[in-house]
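These notes concern the structure reproduced below.
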Amino acid sequence: MVFSKEHAIECLAKTPIAFIGTITDVILGLSTRSMPPIDHYKLRFQNIRSLRGSINGTEFDYQQRGSNGQGMLRIIQNPDGSETIANDTQEKEVREPTSGLTYLACISDGQFISTLVELDNNTIEQLLQSSQMPLGWNKQSNGQMESPWQHSHAKHAKWYNNQRFAGCEKCFKTGRPLLITHEDISFSCEPVKALQTKEYQNPDGDGVFQLTVTNKSNRPVEIPALLRDIRSKKILWEESIFVITDAGNHFFPGHGHAHDVESTILEPHESVSTKLDTLTLHGLSWPQGGWRLKLRFCLGDKATEGNYYYFTDHHEPIRKKAEKKKTALVD
């Protein structure tokens, strides 16, 4: 759906690829015969300003729930991904993308727009400022920064007050420094196949993902958001990465224990990777039956999206054991 400007900052905080642009053409395609129908569009933009990630082209696909007639129940898609059933007679008219208006467009799967937010000039300025922050962070009306890590168990991490972070802006609730990546850094994920694959149950594995950070440039690059131990130089993946789902923010169990840390430095074209078990995460809306579970891994201001097929009868017993682990790292 097209959301109002009040949802702009919230939507940007959760998306790894986003831009501001003015729609020049709205081309309505097919509409499904479902109730409510799903309307498909081709949207063309001009005056595109990239906020996060890389944008290719000016034409994008978009779809949303349409109107389903009078007196019918309608499913409302909320900004956080959840859904609400409402009576159509009590709801305002469904917003549709409109030529000539300026929007925040959140991208998924290449050229597909997952969310549109109608903007005004004041909201555009707020978005331009917010795009410089790590994913999940918010800037309060009084200018103070608020970190997504505040709701984790690492409320008083020992490294937050290290002198090397003295010049960083910090979360006013936890003191966690605002740490970003670098434009020359790529961040990717891939599900790891299970040693034993069961047909129709775990075709994508058992929730373990390989995460890779790569320096794409011809020079060494410092990555503030990717922390490492100052003595051993071991990368602290669980102190650096968290996961966003429709249910909120989720943190790996091994974070919150570091003492002396520093930024990781990657040499030209160097890559580092790790394997993390997402079944160790708490607070997710775990599917019942069989469902494709979508995860967004966040590292500073970059994110990579992964998914795998979760089958309750197979994965639930594994998850019950995994949620007791003290680290998500997999050898």
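Naming scheme: A, B, ... for chains in displayed order of the structure tokens; residues 1 onward per chain; ligands 1 onward as shown.
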Expected answer as a PyMOL selection string: strand (DSSP E) residues in segment 115-240 of chain A: chain A and resi 115-118+138-139+145-146+185-191+208-215+221-229
Just write the chosen residues, C-alpha atoms, as a PDB file, in the first residue's frame.
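Resulting contents of selection_2.pdb:
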```pdb
ATOM      1  CA  THR A 115       6.745   0.009  -0.049  1.00  0.00           C
ATOM      2  CA  LEU A 116       5.762   3.498  -1.210  1.00  0.00           C
ATOM      3  CA  VAL A 117       5.467   6.473   1.153  1.00  0.00           C
ATOM      4  CA  GLU A 118       4.025   9.814   0.003  1.00  0.00           C
ATOM      5  CA  ASN A 138      16.130   6.620  14.851  1.00  0.00           C
ATOM      6  CA  LYS A 139      16.659  10.314  15.453  1.00  0.00           C
ATOM      7  CA  MET A 145      19.969   9.147  18.555  1.00  0.00           C
ATOM      8  CA  GLU A 146      18.183   5.933  19.520  1.00  0.00           C
ATOM      9  CA  ILE A 185      32.043  -2.566   1.112  1.00  0.00           C
ATOM     10  CA  SER A 186      29.585  -5.241  -0.012  1.00  0.00           C
ATOM     11  CA  PHE A 187      27.617  -7.426   2.392  1.00  0.00           C
ATOM     12  CA  SER A 188      25.954 -10.683   1.312  1.00  0.00           C
ATOM     13  CA  CYS A 189      24.367 -13.825   2.731  1.00  0.00           C
ATOM     14  CA  GLU A 190      23.654 -17.346   1.574  1.00  0.00           C
ATOM     15  CA  PRO A 191      21.840 -20.213   3.315  1.00  0.00           C
ATOM     16  CA  VAL A 208      22.471 -21.392   9.148  1.00  0.00           C
ATOM     17  CA  PHE A 209      23.628 -18.563   6.875  1.00  0.00           C
ATOM     18  CA  GLN A 210      27.068 -17.686   5.585  1.00  0.00           C
ATOM     19  CA  LEU A 211      27.633 -13.937   5.777  1.00  0.00           C
ATOM     20  CA  THR A 212      30.382 -12.318   3.719  1.00  0.00           C
ATOM     21  CA  VAL A 213      31.876  -8.818   3.867  1.00  0.00           C
ATOM     22  CA  THR A 214      34.051  -7.771   0.910  1.00  0.00           C
ATOM     23  CA  ASN A 215      36.249  -4.778   0.155  1.00  0.00           C
ATOM     24  CA  VAL A 221      39.174   0.127   3.958  1.00  0.00           C
ATOM     25  CA  GLU A 222      38.273   0.554   7.617  1.00  0.00           C
ATOM     26  CA  ILE A 223      34.787  -0.713   8.549  1.00  0.00           C
ATOM     27  CA  PRO A 224      33.634   0.877  11.841  1.00  0.00           C
ATOM     28  CA  ALA A 225      30.483  -1.266  12.016  1.00  0.00           C
ATOM     29  CA  LEU A 226      32.441  -4.539  11.777  1.00  0.00           C
ATOM     30  CA  LEU A 227      34.114  -4.798  15.166  1.00  0.00           C
ATOM     31  CA  ARG A 228      37.071  -6.971  16.137  1.00  0.00           C
ATOM     32  CA  ASP A 229      38.968  -7.708  19.334  1.00  0.00           C
TER      33      ASP A 229
END
```
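Excluding Thr102 of chain A and any residue on its chain fewer than 3 positions from it, the residues at most 8 Å away by only C-alpha atoms are A:Ile20, A:Gly21, A:Thr22, A:Ile23, A:Glu118, A:Leu119, A:Asp120.
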Which residues are close to Asp313 of chain A, i.e. within 8 Å by only C-alpha atoms, leaving aside same-chain residues fewer than 3 positions away? Reply as a short mmCIF file (atom, residue, chain, number, x, y, z; two decimals) with all heavy atoms, in the first residue's frame.
```
data_model
loop_
_atom_site.label_atom_id
_atom_site.label_comp_id
_atom_site.auth_asym_id
_atom_site.auth_seq_id
_atom_site.Cartn_x
_atom_site.Cartn_y
_atom_site.Cartn_z
N GLY A 289 3.55 -24.92 10.54
CA GLY A 289 3.36 -25.66 9.30
C GLY A 289 4.60 -25.50 8.45
O GLY A 289 5.71 -25.78 8.90
N GLU A 316 11.38 -27.18 14.44
CA GLU A 316 11.06 -26.81 15.83
C GLU A 316 11.92 -27.53 16.85
O GLU A 316 12.45 -26.90 17.78
CB GLU A 316 9.57 -27.05 16.10
CG GLU A 316 9.05 -26.43 17.39
CD GLU A 316 8.96 -24.92 17.33
OE1 GLU A 316 9.20 -24.34 16.24
OE2 GLU A 316 8.66 -24.30 18.36
N PRO A 317 12.12 -28.85 16.75
CA PRO A 317 13.01 -29.52 17.71
C PRO A 317 14.45 -28.99 17.65
O PRO A 317 15.11 -28.86 18.69
CB PRO A 317 12.95 -30.99 17.28
CG PRO A 317 11.66 -31.12 16.53
CD PRO A 317 11.50 -29.81 15.82
#
```
Close residues, Gly254 of chain A itself excluded, 8 Å, only C-alpha atoms, min 3 positions apart in chain, as number ranges by chain: A: 238-239, 257, 326-328
Selection export as an mmCIF file, in the first residue's frame, atoms kept: all heavy atoms:
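Result saved to part.cif:
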```cif
data_model
loop_
_atom_site.group_PDB
_atom_site.id
_atom_site.type_symbol
_atom_site.label_atom_id
_atom_site.label_comp_id
_atom_site.auth_asym_id
_atom_site.auth_seq_id
_atom_site.Cartn_x
_atom_site.Cartn_y
_atom_site.Cartn_z
ATOM 1 N N GLU A 238 28.868 -11.177 16.282
ATOM 2 C CA GLU A 238 27.622 -11.035 17.028
ATOM 3 C C GLU A 238 27.495 -9.685 17.719
ATOM 4 O O GLU A 238 26.401 -9.316 18.158
ATOM 5 C CB GLU A 238 27.482 -12.178 18.026
ATOM 6 C CG GLU A 238 27.336 -13.528 17.332
ATOM 7 C CD GLU A 238 27.277 -14.688 18.305
ATOM 8 O OE1 GLU A 238 28.355 -15.217 18.661
ATOM 9 O OE2 GLU A 238 26.161 -15.070 18.710
ATOM 10 N N GLU A 239 28.603 -8.938 17.826
ATOM 11 C CA GLU A 239 28.550 -7.572 18.334
ATOM 12 C C GLU A 239 28.235 -6.587 17.213
ATOM 13 O O GLU A 239 27.928 -5.426 17.465
ATOM 14 C CB GLU A 239 29.903 -7.170 18.948
ATOM 15 C CG GLU A 239 30.349 -7.990 20.133
ATOM 16 C CD GLU A 239 29.665 -7.567 21.427
ATOM 17 O OE1 GLU A 239 28.767 -6.701 21.373
ATOM 18 O OE2 GLU A 239 30.012 -8.118 22.476
ATOM 19 N N HIS A 257 29.493 -9.117 25.306
ATOM 20 C CA HIS A 257 30.558 -9.608 26.179
ATOM 21 C C HIS A 257 31.938 -9.060 25.830
ATOM 22 O O HIS A 257 32.916 -9.416 26.478
ATOM 23 C CB HIS A 257 30.594 -11.139 26.128
ATOM 24 C CG HIS A 257 29.267 -11.781 26.407
ATOM 25 N ND1 HIS A 257 28.646 -11.699 27.638
ATOM 26 C CD2 HIS A 257 28.430 -12.494 25.615
ATOM 27 C CE1 HIS A 257 27.483 -12.349 27.586
ATOM 28 N NE2 HIS A 257 27.335 -12.830 26.362
ATOM 29 N N LYS A 326 24.907 -20.248 23.625
ATOM 30 C CA LYS A 326 25.459 -18.970 24.046
ATOM 31 C C LYS A 326 26.121 -18.214 22.902
ATOM 32 O O LYS A 326 26.541 -17.068 23.061
ATOM 33 C CB LYS A 326 26.474 -19.193 25.174
ATOM 34 C CG LYS A 326 25.827 -19.737 26.448
ATOM 35 C CD LYS A 326 26.856 -19.877 27.565
ATOM 36 C CE LYS A 326 26.189 -20.392 28.845
ATOM 37 N NZ LYS A 326 27.177 -20.532 29.946
ATOM 38 N N THR A 327 26.208 -18.861 21.754
ATOM 39 C CA THR A 327 26.736 -18.196 20.560
ATOM 40 C C THR A 327 26.042 -18.767 19.340
ATOM 41 O O THR A 327 25.613 -19.933 19.326
ATOM 42 C CB THR A 327 28.256 -18.378 20.419
ATOM 43 O OG1 THR A 327 28.698 -17.719 19.217
ATOM 44 C CG2 THR A 327 28.636 -19.847 20.332
ATOM 45 N N ALA A 328 25.928 -17.935 18.319
ATOM 46 C CA ALA A 328 25.322 -18.374 17.054
ATOM 47 C C ALA A 328 26.365 -18.798 16.054
ATOM 48 O O ALA A 328 26.029 -19.279 14.963
ATOM 49 C CB ALA A 328 24.480 -17.244 16.476
#
```
Residue list (alpha helix (DSSP H), DSSP) for segment 123-315 of chain A, as a VMD selection string: chain A and resid 123 to 130 237 to 240 312 to 315
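Residue nearest His259 of chain A, chosen from A:Ser114, A:Asn161, A:Asn142, A:Ser271 and counting only C-alpha atoms: A:Asn161.
Our summary of the geometry notes that atom CA of Tyr160 of chain A is positioned 25.7 Å from atom CA of Thr15 of chain A.
Of the residues under consideration (A:Ser99, A:Trp291, A:His282, A:Arg219), A:Arg219 shows the shortest atom-to-atom contact distance to Glu267 of chain A when counting only C-alpha atoms.
Taking atom CA of Arg44 of chain A and atom CA of Ala13 of chain A as endpoints, the distance between them is 24.0 Å.
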Nearest-residue call for Gln64 of chain A, choices A:Pro148, A:Gly29, A:Gly256, A:Gly143, using only C-alpha atoms: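 That would be A:Gly29, the residue with the smallest distance to Gln64 of chain A.
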